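Chemist: For reference, the structure I am asking about is given below.
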Amino acid sequence: MPGVTPPERALAARLRKLRKSQWPDVSITQGELAEALSGRKRASVQLISSWESSTNPAPPPEDRLNAIVTFFSTRRSIETQPYRLINEQDLTADEKDQRKLLRDELFALRAAALAATAAPTVSASARSTLVGHGPWFYEQGPILLVCPEPEPEAMNGSAPLTSTADASDVYRLTDLKSLIELYGHIRAVNPDLHVSYKGALEMTTDDWTKHLVLLGGIDFNLATELAMLRTSVPVTQRSVDDDPSRGCFQVVEGDETLNFSPTFADLGGSRVLTHDIGHFFRAPNPHNRERTISVCNGMFGSGVYGAVRALTHDGMRDKNADFLAERFVDDTFSLLFRVDVVKDEALTPDWTAPGTVLHSWPEA
């Protein structure tokens, strides 16, 4: 029926309204709310976003909703920075009355949302759809994937001629396997948003205000290097031209410097890559705080592909997405991890497996 809000979206809309306008002079960000709720149980921006999603919201569990109710039942929650969660037993009589009213309202909305999503008219295939779910879901577009693009002189004449009738502009790009995988996935998750890709050398000033997904690292993707410089992440990529195997991701923490390098082995008379280092990084876009920058990088193409597949592989993406949501509270985070390589093929990393994650920032 036109004009009727589905129950699950009604709860999400009410949660968004509470966060943005419960107190008219204060608009609370998802990061601020996540930090406050983490005083009781770790929360993240991704988790808050999933509860407030306007397309496919996930109703919060009871304990989470109780914490939200408590937070918004008293203005004392926002009297100091960072915001905090007051203990229920410390609420005044008026605040307890306000809490009861808000709790009754939100739990009624939650019950209706759960009943709607459990209805038999919703097929199992519809509930398991990619659309609107996971770390690659965006509330708004546009979304631009930026691929490594070597300077013409760096190709030593090996680049195809783009002036011929059979040539394509994608011939100029590298990490095409990662591009194909991630472009298709993001299009599937966000069918109504504009998703495009281009080479790093084609980027314009306007492109820097979009949601950016940067593939590959400093050798052929200047956008990745520039994005990392504009954030506080303590990770840099080091490349050695005369011996690529000596390159590494470097982490500087205080007086300590950590290097994470790929591993090679002599197999069958050849020196082969046995595991690469992958890097996944996300932060608000410094040129447009309503958009994000995401980086899928590696020392080699295997690491880039592993970073992509970690959140697109149908058997791994959900557990790896849950790992991110549980581990990181803020909307800026970085993950370095091992990507095993077998017969020149990158295996999808399981971030929950011991020994896979090599470094995370900020620390859990």
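Here's how to read the names in the structure tokens: chain A, B, ... by the order shown, residue numbers from 1 in each chain, ligand numbers from 1 in the order shown.
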Show which residues sit within 9 Å of A:His185, as a list in words. Count only C-alpha atoms, and ignore same-chain residues fewer than 4 positions away.
Modeler: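 My reading of the contact set: Leu130, Trp136, Ile180, Glu181, Val189, Asn190 and Thr312 of chain A.
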Chemist: Atoms to include: N, CA and C atoms. Write the selected residues as a compact mmCIF listing (two decimals), in the first residue's frame.
Modeler:
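Generated output (result.txt):
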# COMPACT_ATOMS: atom_id res chain seq x y z
N LEU A 130 22.20 -10.59 -2.01
CA LEU A 130 23.33 -9.70 -1.77
C LEU A 130 22.89 -8.26 -1.58
N TRP A 136 30.23 -3.67 1.45
CA TRP A 136 30.22 -2.98 0.16
C TRP A 136 28.85 -2.38 -0.16
N ILE A 180 37.28 -6.99 -11.98
CA ILE A 180 36.10 -7.73 -12.44
C ILE A 180 35.32 -8.29 -11.26
N GLU A 181 36.04 -8.87 -10.30
CA GLU A 181 35.39 -9.46 -9.13
C GLU A 181 34.65 -8.40 -8.31
N VAL A 189 25.33 -5.52 -5.10
CA VAL A 189 24.89 -5.07 -3.78
C VAL A 189 24.15 -3.74 -3.86
N ASN A 190 24.52 -2.91 -4.83
CA ASN A 190 23.95 -1.56 -4.95
C ASN A 190 23.34 -1.35 -6.34
N THR A 312 33.99 -10.67 -0.80
CA THR A 312 33.07 -11.00 -1.89
C THR A 312 32.82 -12.50 -1.99
Chemist: Using only C-alpha atoms, which protein or nucleic acid residues come within 10 Å of A:Gly301? Drop anything in the same chain fewer than 2 positions from it, and give the result as number ranges by chain.
Modeler: A: 174-178, 215-217, 276-278, 297-299, 303-307, 345-346
Chemist: Do you know which residues are at most 10 Å from A:Leu18 counting only C-alpha atoms, after dropping those on the same chain fewer than 6 positions away, and could you put them as a PyMOL selection string?
Modeler: chain A and resi 12+27-28+68-69+72
Chemist: In Å, how far is it from atom CA of A:Phe337 to atom CA of A:Ile218?
Modeler: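 For atom CA of A:Phe337 relative to atom CA of A:Ile218, the distance reads 17.9 Å.
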Chemist: Pick out each residue of stretch 75-150 of chain A that DSSP on the backbone tags as strand (DSSP E); I need them as number ranges by chain.
Modeler: A: 143-147
Chemist: Grab the residues selected above and save them as a compact mmCIF listing (two decimals), in the first residue's frame with N, CA and C atoms.
Modeler:
# COMPACT_ATOMS: atom_id res chain seq x y z
N ILE A 143 29.86 5.64 -6.76
CA ILE A 143 30.96 4.80 -6.31
C ILE A 143 31.93 4.64 -7.47
N LEU A 144 33.20 4.92 -7.22
CA LEU A 144 34.21 4.84 -8.28
C LEU A 144 35.32 3.88 -7.86
N LEU A 145 35.55 2.85 -8.67
CA LEU A 145 36.69 1.97 -8.48
C LEU A 145 37.86 2.51 -9.29
N VAL A 146 39.01 2.63 -8.66
CA VAL A 146 40.19 3.19 -9.32
C VAL A 146 41.25 2.10 -9.42
N CYS A 147 41.67 1.81 -10.65
CA CYS A 147 42.60 0.72 -10.90
C CYS A 147 44.01 1.24 -11.13
